[in-house]
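Note sheet for the following structure.
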Amino acid sequence: MAGASDFSRRPPAIAAIRASVLVPLVQELDKKHGKTDVLLACHGVLRSQLDDPYAFVPLARYVAIFEEAAEILREPTLGARLGISFKPADIGPLGILFSASSTIRSAFQRLSKHVVALQGVTRAGLIEEGDHLMWSYKLEDPRLWPRHQDTEYSLAASCQLVRSSFSASWRPVEIHFEHAAPRDREPLQRIFRAPLLFSQSSNRIVMLKADADRHYRNEDRDLTAILERHIGDLSSGNVDQDSVREKVLSVIAIYLGHKPITIAAIATELKLSVRTLQRRLGDENTSVRALVREYRAGIAQLYLRAGTSGYSRLADTLGYADSTVFWRAFKGWTGLSPSTVAAEDERVRSS
């Protein structure tokens, strides 16, 4: 029978994140605000939780605290600024594993594989496109919005992990954000040192494959094996870990707007035959076509709720040929036009 300490290490069934991730934000609030405990308490979080490396807090509370902290401190780029101070040890054994990797590619492969040890409802993965390699990161629950601070923090921290572990002069080719562009892009431009694209289908770090595959060090195989085993223990017990549906949605999130989404391509990515993938999705009462539609519908409604305008841009983000094709598809999903849904959401926001 497992002891109490074993259960405390397992992720809860709800979407959650390691409480220790809040430490840099709390330290910043302590320096500049003085009422940190009040803010934490308003969101049902105790400072004592931050000292336990195995404690979790609901992901929704973490995202809300980060957004509110940026407003309190009147700093729109708070998350990105904190991200550039990130150290591998800040995420424990996963950060150490990242920094011990021989190449940037293998580091991001491990980060993608083990991100569930840190937080739930998160999709991360790598995709190749020509001479480029893209690392994609996304919180999948549409209710976790706005989440600009978490997104910018996570991408800035990931870039900083590369710079501290591999090369201080490293620069990404592009940075993609799912949220709309801020009024002033310059602070983010200085932090990321790369072209920034907004209103994308996922958050991405685009890098050169040649940089990603450059050999920086020989790995200590015993150390990496121990770290992998420990991280695997931390992430054991995750809900739907083996769900083919979830794996297919992960590939869709990475491919959308960048590569054709076909059952053959997804089967190859998951190292399954097309027939096996079809059968296993059938066992879960779904299909690739249905999951693409579900994912596109979720993204579209998220953007419309956020007040995003410009259907051409949204159509491009979702991989449609033009806004007319998107309009027809959206009406097919919901029975309503995008403008009707956007107007209703605007009425709710204003009431």
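By convention in this document, the chains of the structure tokens carry letters A, B, ... by their order, each chain's residues are numbered from 1, and ligands are numbered from 1 in the order they are shown.
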
Residues flagged helix (DSSP H, G or I) by DSSP in segment 120-199 of chain A, as an MDAnalysis selection string = chainID A and resid 148:165 186:192

Written file, previous selection with C-alpha atoms, as a PDB file, in the first residue's frame:
```
ATOM      1  CA  HIS A 148      -0.836  36.078 -21.561  1.00  0.00           C
ATOM      2  CA  GLN A 149       1.448  36.110 -18.522  1.00  0.00           C
ATOM      3  CA  ASP A 150       1.847  32.337 -18.301  1.00  0.00           C
ATOM      4  CA  THR A 151       2.462  32.104 -22.050  1.00  0.00           C
ATOM      5  CA  GLU A 152       5.094  34.836 -22.137  1.00  0.00           C
ATOM      6  CA  TYR A 153       6.716  33.551 -18.949  1.00  0.00           C
ATOM      7  CA  SER A 154       6.880  29.975 -20.263  1.00  0.00           C
ATOM      8  CA  LEU A 155       8.370  30.932 -23.643  1.00  0.00           C
ATOM      9  CA  ALA A 156      10.841  33.412 -22.131  1.00  0.00           C
ATOM     10  CA  ALA A 157      11.859  30.843 -19.495  1.00  0.00           C
ATOM     11  CA  SER A 158      12.330  28.187 -22.187  1.00  0.00           C
ATOM     12  CA  CYS A 159      14.540  30.533 -24.218  1.00  0.00           C
ATOM     13  CA  GLN A 160      16.518  31.306 -21.075  1.00  0.00           C
ATOM     14  CA  LEU A 161      16.941  27.577 -20.410  1.00  0.00           C
ATOM     15  CA  VAL A 162      18.574  27.260 -23.833  1.00  0.00           C
ATOM     16  CA  ARG A 163      20.845  30.247 -23.231  1.00  0.00           C
ATOM     17  CA  SER A 164      21.950  29.111 -19.782  1.00  0.00           C
ATOM     18  CA  SER A 165      22.365  25.451 -20.750  1.00  0.00           C
ATOM     19  CA  GLU A 186       9.089  46.712 -28.058  1.00  0.00           C
ATOM     20  CA  PRO A 187       9.570  45.366 -24.491  1.00  0.00           C
ATOM     21  CA  LEU A 188       8.833  41.819 -25.658  1.00  0.00           C
ATOM     22  CA  GLN A 189      11.062  42.309 -28.698  1.00  0.00           C
ATOM     23  CA  ARG A 190      13.987  43.196 -26.421  1.00  0.00           C
ATOM     24  CA  ILE A 191      13.380  40.162 -24.213  1.00  0.00           C
ATOM     25  CA  PHE A 192      13.036  37.538 -26.939  1.00  0.00           C
TER      26      PHE A 192
END
```

request  = Give me the residues within 8 Å of segment 123-126 of chain A as a PyMOL selection string, counting only C-alpha atoms and dropping any in the same chain fewer than 4 places off.
outcome  = chain A and resi 108-109+112-113+115+133-140+250-251+253-254

inquiry  = Run DSSP on the backbone and tell me which residues of segment 138-307 of chain A come out as strand (DSSP E); list them as an MDAnalysis selection string.
reply    = chainID A and resid 138:139 174:176 196:197 203:208

Would you mind exporting C-alpha atoms of the selected residues as a CSV table (one decimal), in the first residue's frame?
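Below you can see result08.csv, which holds the result:
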```
chain,number,residue,atom,x,y,z
A,138,LYS,CA,-0.3,25.4,-25.1
A,139,LEU,CA,-2.7,25.2,-22.2
A,174,GLU,CA,10.7,33.5,-34.4
A,175,ILE,CA,8.4,33.5,-31.4
A,176,HIS,CA,4.7,32.7,-31.9
A,196,LEU,CA,7.2,38.1,-32.8
A,197,LEU,CA,4.0,36.8,-34.4
A,203,ASN,CA,2.7,29.3,-28.7
A,204,ARG,CA,5.9,28.3,-30.4
A,205,ILE,CA,9.7,28.8,-30.3
A,206,VAL,CA,11.0,28.5,-33.9
A,207,MET,CA,14.7,27.6,-34.2
A,208,LEU,CA,17.2,26.5,-36.8
```

message = Neighbouring residues of Val288 of chain A were defined as those with any atom within 10 Å, considering only C-alpha atoms; residues of the same chain fewer than 4 positions away were excluded. Please report them as a PyMOL selection string.
response = chain A and resi 245+248-249+252+261-263+266+277-278+281-282+292-294

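For the choices A:Ala297, A:Leu78, A:Ala342, A:Leu291, the atom-to-atom distance to Val244 of chain A is smallest for A:Leu291 when using only C-alpha atoms.
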
Spatial neighbours of Asp211 of chain A, 10 Å, only C-alpha atoms, chain gap at least 5 places, as a PyMOL selection string = chain A and resi 103-105+132-133+167+170-172

Selected residues, N, CA and C atoms, written as a JSON list (two decimals), in the first residue's frame, please.
```json
[["chain", "number", "residue", "atom", "x", "y", "z"],
["A", 103, "THR", "N", 22.00, 18.02, -26.88],
["A", 103, "THR", "CA", 21.59, 18.97, -27.92],
["A", 103, "THR", "C", 20.34, 19.72, -27.47],
["A", 104, "ILE", "N", 20.08, 20.83, -28.11],
["A", 104, "ILE", "CA", 18.87, 21.60, -27.82],
["A", 104, "ILE", "C", 17.64, 20.79, -28.21],
["A", 105, "ARG", "N", 17.72, 20.05, -29.29],
["A", 105, "ARG", "CA", 16.58, 19.22, -29.71],
["A", 105, "ARG", "C", 16.23, 18.20, -28.62],
["A", 132, "HIS", "N", 13.74, 24.47, -40.21],
["A", 132, "HIS", "CA", 13.39, 24.93, -38.87],
["A", 132, "HIS", "C", 12.82, 23.81, -38.00],
["A", 133, "LEU", "N", 13.00, 23.98, -36.70],
["A", 133, "LEU", "CA", 12.40, 23.10, -35.70],
["A", 133, "LEU", "C", 11.57, 24.00, -34.79],
["A", 167, "SER", "N", 24.02, 28.02, -25.02],
["A", 167, "SER", "CA", 24.76, 29.14, -25.61],
["A", 167, "SER", "C", 24.11, 30.45, -25.22],
["A", 170, "TRP", "N", 22.50, 32.42, -28.10],
["A", 170, "TRP", "CA", 21.47, 31.77, -28.92],
["A", 170, "TRP", "C", 20.26, 32.68, -29.11],
["A", 171, "ARG", "N", 19.73, 32.67, -30.33],
["A", 171, "ARG", "CA", 18.51, 33.43, -30.64],
["A", 171, "ARG", "C", 17.54, 32.55, -31.42],
["A", 172, "PRO", "N", 16.25, 32.61, -31.08],
["A", 172, "PRO", "CA", 15.27, 31.90, -31.89],
["A", 172, "PRO", "C", 15.07, 32.61, -33.22]]
```
